[in-house]
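**Q** Once you've had a glance at the structure underneath, I'll fire off some questions.
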Amino acid sequence: MPSSEECAVALFQEIWSDDEADEIALRGNRRYVVRLAHHAMSNEQEQEKALFRPDSTYLVTGGLGGVGLRTAQWMTEQGARHLVLIGRSGASEDATATLQAMREAGVSVYVMKVDIAQERQLADALGQIRHKLPPLRGIFHSAVVLDDSILLQQNRERFLGVMPPKIEGAWNLHCLTQDEPLDYFVLFSSAASLIGSPGQGNYAAANAFMDMLASYRRQQGYPALCINWGRWGEVGQAVKENRGERLDLRGFASMKPKEGLAVLGSLLRQSPPQVGVMSLNLSKWSQFYPKLARSSLFAHLLEEVEIQEENRVSGLRLTPEMLAELDDEQRQQTLAQYLSNQIAGVLGHTSLKLDAHQRLNRLGIDSLMSVELKNRIGSDLNVTVPVATLLQGITFEQLITQVLKQTERVSSAQRAVSSRR
């Protein structure tokens with residue numbers, strides 16, 4: 001271990017360094033910098049594994065709110081049969097109808113009016129669960145309070161007002177459930193603490209505590225998964241605040257609940273300690289927040305964006321004549337890159353790395369996207385890929401083969417016409 005003097009020297013050197021890194025950790029003799037990188041999702045075989053035990057109990061804090069309640073519904077669809085939904089206030093009329101529907105489907109749903117920031121209240125609630133219900137196997141902490149404004153408009157009361165559910169609540173859940181046989185301890189954090197969010201300095205600070213709590217729990221040998229969520233569409237606080245149009249314009253789009261929950265299922269199977277899940281157009285976002293985008297945090301992602309933009313320009317259009325000039329191997333590779341670019345485009349991505357056996361309907365392509373993809377390919381290559389084919393489980397390799405055969409027929413027909421002339 002370095003001495004205190006050596007640590008001071010190292011710290012001084014970092015302060016005066018011209019290095020681009022702006023988030024640095026010095027730990028012993030090691031120097032760490034933070035970078036965002038893409039996370040690979042689980043494969044199709046893992047998706048078949050059951051997530052929830054029917055003989056166990058699962059607790060959802062903020063469970064009567066939009067995101068929490070939608071998560072609870074999804075859990076029942078995945079096999080959960082005993083749920084405890086905690087909130088500081090009672091269920092709304094809409095929430096009551098949803099609860100009734102879950103109960104009619106055979107799910108035991110218990111609602112508890114508890115302020116999880118109050119240790120005594122939470123301890124009493126957990127005591128009731130232990131005595132009355134099957135073993136507690138999972139905690140999903142989605143409680144949230146928002147009070148957005150720029151820092152100049154914040155005061156102590158407003159800044160600290162968003163902290164209790166995120167900090168005291170998360171810590172109480174951690175301390176009071178260490179003896180429970182948990183499979184999951186999931187913290188619903190926010191992209192605000194990962195990449196920043198103008199007007200949400202208080203909220204970013206509150207969620208940063210949960211980010212570190214997940215890391216701490218994993219170091220102690222406890223389960224933990226922290227998800228820095230972007231915007232959820234249709235439900236949640238962001239919808240109530242009506243910020244959607246402004247954020248869409250800045251490249252921070254919303255996710256449909258079914259999309260977010262599909263990712264949640266994959267993450268539960270993989271259980272990384274912390275992952276950000278958001279629909280972020282980094283190119284557009286950096287135009288509005290250039291200082292944030294220049295942060296070394298985005299170095300890897302910005303490099304990918306630059307490469308993807310080059311690929312997009314070079315691989316955006318393709319014609320039968322261009323394919324005809326290539327040998328068999330080059331034709332296969334070029335068409336694969338073109339189709340990958342087109343699929344990425346309809347899905348709203350800058351690029352995709354597709355496995356040959358990847359089924360396109362598993363990517364989230366719906367009927368409207370299929371029509372757009374069909375039109376793109378047809379316009380460029382003068383071939384027809386039926387929408388039904390795209391929706392019925394065709395693999396990427398099969399799509400390449402099908403399109404390749406059609407382009408060859410088109411080229412042959414054109415050559416025949418030319419020879420008759």
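Residues in the structure tokens are named by chain (A, B, ... in the order shown) and by number from 1 within that chain; ligands are numbered from 1 in the order shown.
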So which residues touch stretch 23-34 of chain A within 6 Å, counting only C-alpha atoms, skipping near sequence neighbours fewer than 2 positions away, as JSON, numbers by chain?
**A** {"A": [1, 21, 297]}
**Q** Could you give me the residues within stretch 157-280 of chain A that DSSP places in strand (DSSP E), as an MDAnalysis selection string?
**A** chainID A and resid 184:190 225:229 231:232 252:255 274:277 279:280
**Q** Kindly save the residues from that selection, with N, CA, C and O atoms included, as a short mmCIF file (atom, residue, chain, number, x, y, z; two decimals), in the first residue's frame.
**A**
```cif
data_model
loop_
_atom_site.label_atom_id
_atom_site.label_comp_id
_atom_site.auth_asym_id
_atom_site.auth_seq_id
_atom_site.Cartn_x
_atom_site.Cartn_y
_atom_site.Cartn_z
N TYR A 184 -33.21 -12.16 -5.31
CA TYR A 184 -33.08 -10.87 -5.96
C TYR A 184 -33.14 -9.74 -4.94
O TYR A 184 -33.93 -9.76 -4.00
N PHE A 185 -32.29 -8.74 -5.16
CA PHE A 185 -32.39 -7.47 -4.46
C PHE A 185 -32.15 -6.42 -5.54
O PHE A 185 -31.02 -6.09 -5.88
N VAL A 186 -33.25 -5.92 -6.12
CA VAL A 186 -33.18 -5.09 -7.31
C VAL A 186 -33.50 -3.64 -6.95
O VAL A 186 -34.56 -3.35 -6.38
N LEU A 187 -32.59 -2.75 -7.30
CA LEU A 187 -32.75 -1.33 -7.03
C LEU A 187 -33.05 -0.61 -8.34
O LEU A 187 -32.25 -0.65 -9.27
N PHE A 188 -34.19 0.05 -8.41
CA PHE A 188 -34.54 0.84 -9.59
C PHE A 188 -33.94 2.22 -9.43
O PHE A 188 -34.53 3.12 -8.82
N SER A 189 -32.75 2.39 -9.99
CA SER A 189 -32.07 3.68 -9.97
C SER A 189 -32.43 4.44 -11.25
O SER A 189 -33.38 4.08 -11.95
N SER A 190 -31.68 5.48 -11.55
CA SER A 190 -32.02 6.34 -12.68
C SER A 190 -30.79 6.65 -13.52
O SER A 190 -29.66 6.71 -13.02
N LEU A 225 -28.75 -6.03 -7.80
CA LEU A 225 -28.78 -5.58 -9.18
C LEU A 225 -29.33 -4.16 -9.19
O LEU A 225 -30.45 -3.93 -8.73
N CYS A 226 -28.52 -3.23 -9.66
CA CYS A 226 -28.95 -1.83 -9.74
C CYS A 226 -29.14 -1.48 -11.20
O CYS A 226 -28.23 -1.65 -12.01
N ILE A 227 -30.34 -0.99 -11.56
CA ILE A 227 -30.64 -0.64 -12.94
C ILE A 227 -30.86 0.86 -13.02
O ILE A 227 -31.77 1.41 -12.41
N ASN A 228 -30.00 1.52 -13.79
CA ASN A 228 -30.16 2.96 -14.04
C ASN A 228 -31.10 3.14 -15.22
O ASN A 228 -30.69 3.19 -16.37
N TRP A 229 -32.39 3.23 -14.91
CA TRP A 229 -33.41 3.28 -15.94
C TRP A 229 -33.43 4.64 -16.64
O TRP A 229 -33.29 5.68 -16.01
N ARG A 231 -36.09 6.68 -19.51
CA ARG A 231 -37.52 7.00 -19.43
C ARG A 231 -38.39 5.81 -19.75
O ARG A 231 -38.18 5.12 -20.75
N TRP A 232 -39.38 5.58 -18.92
CA TRP A 232 -40.45 4.63 -19.23
C TRP A 232 -41.60 5.42 -19.85
O TRP A 232 -42.01 6.45 -19.31
N PHE A 252 -33.35 11.59 -25.96
CA PHE A 252 -33.55 10.71 -24.81
C PHE A 252 -34.98 10.18 -24.86
O PHE A 252 -35.87 10.69 -24.20
N ALA A 253 -35.19 9.16 -25.67
CA ALA A 253 -36.54 8.67 -25.94
C ALA A 253 -37.03 7.75 -24.82
O ALA A 253 -36.25 7.27 -24.00
N SER A 254 -38.32 7.50 -24.81
CA SER A 254 -38.91 6.63 -23.80
C SER A 254 -38.91 5.18 -24.28
O SER A 254 -38.81 4.90 -25.47
N MET A 255 -39.01 4.26 -23.31
CA MET A 255 -39.17 2.84 -23.60
C MET A 255 -40.59 2.43 -23.29
O MET A 255 -41.17 2.89 -22.30
N GLN A 274 -24.53 -3.56 -11.86
CA GLN A 274 -25.13 -2.29 -12.26
C GLN A 274 -25.16 -2.19 -13.77
O GLN A 274 -24.17 -2.45 -14.44
N VAL A 275 -26.32 -1.78 -14.30
CA VAL A 275 -26.49 -1.63 -15.74
C VAL A 275 -27.41 -0.44 -16.01
O VAL A 275 -28.41 -0.27 -15.31
N GLY A 276 -27.06 0.36 -17.01
CA GLY A 276 -27.95 1.42 -17.45
C GLY A 276 -28.83 0.92 -18.58
O GLY A 276 -28.34 0.24 -19.49
N VAL A 277 -30.10 1.21 -18.53
CA VAL A 277 -31.04 0.78 -19.57
C VAL A 277 -31.80 2.02 -20.04
O VAL A 277 -32.61 2.58 -19.30
N SER A 279 -32.97 4.47 -23.85
CA SER A 279 -32.99 4.69 -25.29
C SER A 279 -32.36 6.05 -25.53
O SER A 279 -33.02 7.09 -25.43
N LEU A 280 -31.06 6.06 -25.83
CA LEU A 280 -30.29 7.30 -25.91
C LEU A 280 -29.65 7.43 -27.28
O LEU A 280 -28.86 6.58 -27.70
#
```
**Q** Find the spatial neighbours of A:Lys132, counting only C-alpha atoms, within a cut-off of 12 Å - ignore same-chain residues fewer than 5 positions away - and output them as a PDB file with C-alpha atoms, in the first residue's frame.
**A**
```
ATOM      1  CA  SER A  56     -42.150 -17.692  -2.525  1.00  0.00           C
ATOM      2  CA  THR A  57     -42.995 -14.073  -1.751  1.00  0.00           C
ATOM      3  CA  HIS A  82     -47.334 -14.139  -3.748  1.00  0.00           C
ATOM      4  CA  VAL A  84     -46.472  -7.667  -1.307  1.00  0.00           C
ATOM      5  CA  SER A 108     -52.134 -13.483  -3.642  1.00  0.00           C
ATOM      6  CA  TYR A 110     -51.046  -7.964  -0.205  1.00  0.00           C
ATOM      7  CA  ALA A 125     -44.069  -5.029   7.721  1.00  0.00           C
ATOM      8  CA  LEU A 126     -41.255  -7.549   7.208  1.00  0.00           C
ATOM      9  CA  GLY A 127     -42.234  -9.249  10.453  1.00  0.00           C
TER      10      GLY A 127
END
```
**Q** Which of these residues is nearest to A:His39, using only C-alpha atoms: A:Gln270, A:Thr61, A:Gln178, A:Gln219?
**A** A:Gln270
**Q** Give the answer as one residue: which of A:Gly106, A:Gly233, A:Pro320, A:Gly62 has the shortest atom-to-atom distance to A:Ala91, using only C-alpha atoms?
**A**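 Going through A:Gly106, A:Gly233, A:Pro320, A:Gly62 one by one, the smallest distance to A:Ala91 is for A:Gly62.
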**Q** What does the distance from atom CA of A:Leu122 to atom CA of A:Lys166 come to in Å, to one decimal?
**A**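 One can read the atom CA of A:Leu122 to atom CA of A:Lys166 distance as 14.1 Å.
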**Q** Tell me, which residues of stretch 35-223 of chain A carry DSSP alpha helix (DSSP H), written as a PyMOL selection string?
**A** chain A and resi 44-47+66-77+93-104+119-132+156-161+163-166+168-176+192-195+201-219
**Q** Counting only C-alpha atoms, which residues of stretch 15-85 of chain A fall within 10 Å of stretch 141-152 of chain A, and what is the closest atom pair for each with its distance in Å at one decimal, ordered by chain and rising number, as a tab-separated table?
**A**
```
residue	atom	partner	partner_atom	distance
A:Leu59	CA	A:His141	CA	8.2
A:Val60	CA	A:His141	CA	5.9
A:Thr61	CA	A:His141	CA	4.9
A:Gly62	CA	A:Ala143	CA	3.9
A:Gly63	CA	A:Ser142	CA	7.2
A:Leu64	CA	A:Ala143	CA	9.3
A:Gly65	CA	A:Ala143	CA	8.0
A:Gly66	CA	A:Ser142	CA	9.7
A:Val67	CA	A:Ser142	CA	7.3
A:Gly68	CA	A:Ser142	CA	5.7
A:Leu69	CA	A:Ser142	CA	9.5
A:Thr71	CA	A:Ser142	CA	9.2
```
**Q** Using C-alpha atoms, can you write the selected residues to a file as a PDB file, in the first residue's frame?
**A**
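That gives us again23.pdb:
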```pdb
ATOM      1  CA  LEU A  59     -41.822  -7.462  -2.304  1.00  0.00           C
ATOM      2  CA  VAL A  60     -42.223  -4.379  -4.506  1.00  0.00           C
ATOM      3  CA  THR A  61     -41.742  -0.952  -2.931  1.00  0.00           C
ATOM      4  CA  GLY A  62     -43.501   1.844  -4.752  1.00  0.00           C
ATOM      5  CA  GLY A  63     -45.666  -1.068  -5.824  1.00  0.00           C
ATOM      6  CA  LEU A  64     -48.821   1.001  -6.221  1.00  0.00           C
ATOM      7  CA  GLY A  65     -47.210   3.503  -8.587  1.00  0.00           C
ATOM      8  CA  GLY A  66     -46.968   3.247 -12.362  1.00  0.00           C
ATOM      9  CA  VAL A  67     -43.612   1.503 -12.784  1.00  0.00           C
ATOM     10  CA  GLY A  68     -43.886  -0.561  -9.604  1.00  0.00           C
ATOM     11  CA  LEU A  69     -47.397  -1.797 -10.366  1.00  0.00           C
ATOM     12  CA  THR A  71     -43.495  -4.541 -12.715  1.00  0.00           C
TER      13      THR A  71
END
```
**Q** Between atom CA of A:Asp115 and atom CA of A:Ile167, what is the spacing in Å?
**A** 12.5 Å
**Q** Identify, on the basis of only C-alpha atoms, every residue whose closest approach to A:Glu168 does not exceed 9 Å; exclude the query and any residue fewer than 2 positions from it along the same chain; express the result as a list in words.
**A**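 In the requested format, the answer is Ile116, Ala117, Gln118, Glu119, Met163, Pro164, Pro165, Lys166, Ala170, Trp171, Asn172 and Leu173 of chain A.
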**Q** So, counting only C-alpha atoms, which residue among A:Thr395, A:His300, A:Arg81, A:Asn382 is closest to A:Asp355?
**A** A:Thr395
**Q** Can you measure atom CA of A:Phe52 to atom CA of A:Gly79 for me? One decimal in Å is fine.
**A**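 Separation of atom CA of A:Phe52 and atom CA of A:Gly79: 5.5 Å.
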**Q** Please list as a PyMOL selection string every residue within 10 Å of A:Gln402, counting only C-alpha atoms and excluding residues in the same chain fewer than 4 positions away.
**A** chain A and resi 383-385+396-398+406-407
**Q** Would you list the contacts of A:Ala388 as a list in words, taking every protein, DNA or RNA residue within 10 Å and counting only C-alpha atoms, but skipping same-chain residues closer than 3 positions in sequence?
**A**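 Non-adjacent residues within range: Ser367, Ser370, Val371, Val385, Leu391, Gln392, Gly393 and Ile394 of chain A.
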**Q** Near A:Lys258, counting only C-alpha atoms, which residues have an atom at most 12 Å away, once you skip same-chain residues fewer than 5 positions from it, shown as a list in words?
**A**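 So the residues in contact are Val67, Arg70, Thr71, Gln73, Trp74, Met75, Glu77, Trp232, Gly233, Glu234, Val235, Val263, Leu264, Gly265 and Gly364 of chain A.
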**Q** Write out the residues from the selection above, keeping N, CA and C atoms, as a tab-separated table (two decimals), in the first residue's frame.
**A**
```tsv
chain	number	residue	atom	x	y	z
A	67	VAL	N	-44.66	2.46	-12.45
A	67	VAL	CA	-43.61	1.50	-12.78
A	67	VAL	C	-43.67	0.30	-11.86
A	70	ARG	N	-46.72	-1.91	-12.70
A	70	ARG	CA	-46.53	-2.62	-13.98
A	70	ARG	C	-45.50	-3.73	-13.82
A	71	THR	N	-44.49	-3.50	-13.00
A	71	THR	CA	-43.50	-4.54	-12.72
A	71	THR	C	-44.14	-5.72	-11.99
A	73	GLN	N	-47.27	-6.66	-12.17
A	73	GLN	CA	-48.06	-7.41	-13.16
A	73	GLN	C	-47.18	-8.36	-13.96
A	74	TRP	N	-46.06	-7.84	-14.41
A	74	TRP	CA	-45.12	-8.66	-15.19
A	74	TRP	C	-44.61	-9.84	-14.37
A	75	MET	N	-44.36	-9.64	-13.11
A	75	MET	CA	-43.88	-10.73	-12.25
A	75	MET	C	-44.90	-11.86	-12.17
A	77	GLU	N	-46.98	-12.59	-14.51
A	77	GLU	CA	-46.92	-13.24	-15.83
A	77	GLU	C	-45.73	-14.20	-15.92
A	232	TRP	N	-39.38	5.58	-18.92
A	232	TRP	CA	-40.45	4.63	-19.23
A	232	TRP	C	-41.60	5.42	-19.85
A	233	GLY	N	-42.11	4.94	-20.95
A	233	GLY	CA	-43.29	5.55	-21.54
A	233	GLY	C	-44.56	5.00	-20.92
A	234	GLU	N	-45.63	5.75	-21.00
A	234	GLU	CA	-46.98	5.32	-20.60
A	234	GLU	C	-47.20	5.29	-19.10
A	235	VAL	N	-46.14	5.06	-18.30
A	235	VAL	CA	-46.29	4.99	-16.85
A	235	VAL	C	-45.15	5.78	-16.20
A	263	VAL	N	-36.07	-6.45	-20.84
A	263	VAL	CA	-34.68	-6.26	-20.44
A	263	VAL	C	-34.49	-6.66	-18.98
A	264	LEU	N	-35.44	-6.30	-18.13
A	264	LEU	CA	-35.36	-6.66	-16.72
A	264	LEU	C	-35.25	-8.18	-16.57
A	265	GLY	N	-36.05	-8.93	-17.32
A	265	GLY	CA	-35.99	-10.38	-17.24
A	265	GLY	C	-34.62	-10.91	-17.61
A	364	GLY	N	-37.74	-7.55	-31.41
A	364	GLY	CA	-38.75	-6.55	-31.11
A	364	GLY	C	-39.34	-5.88	-32.35
```
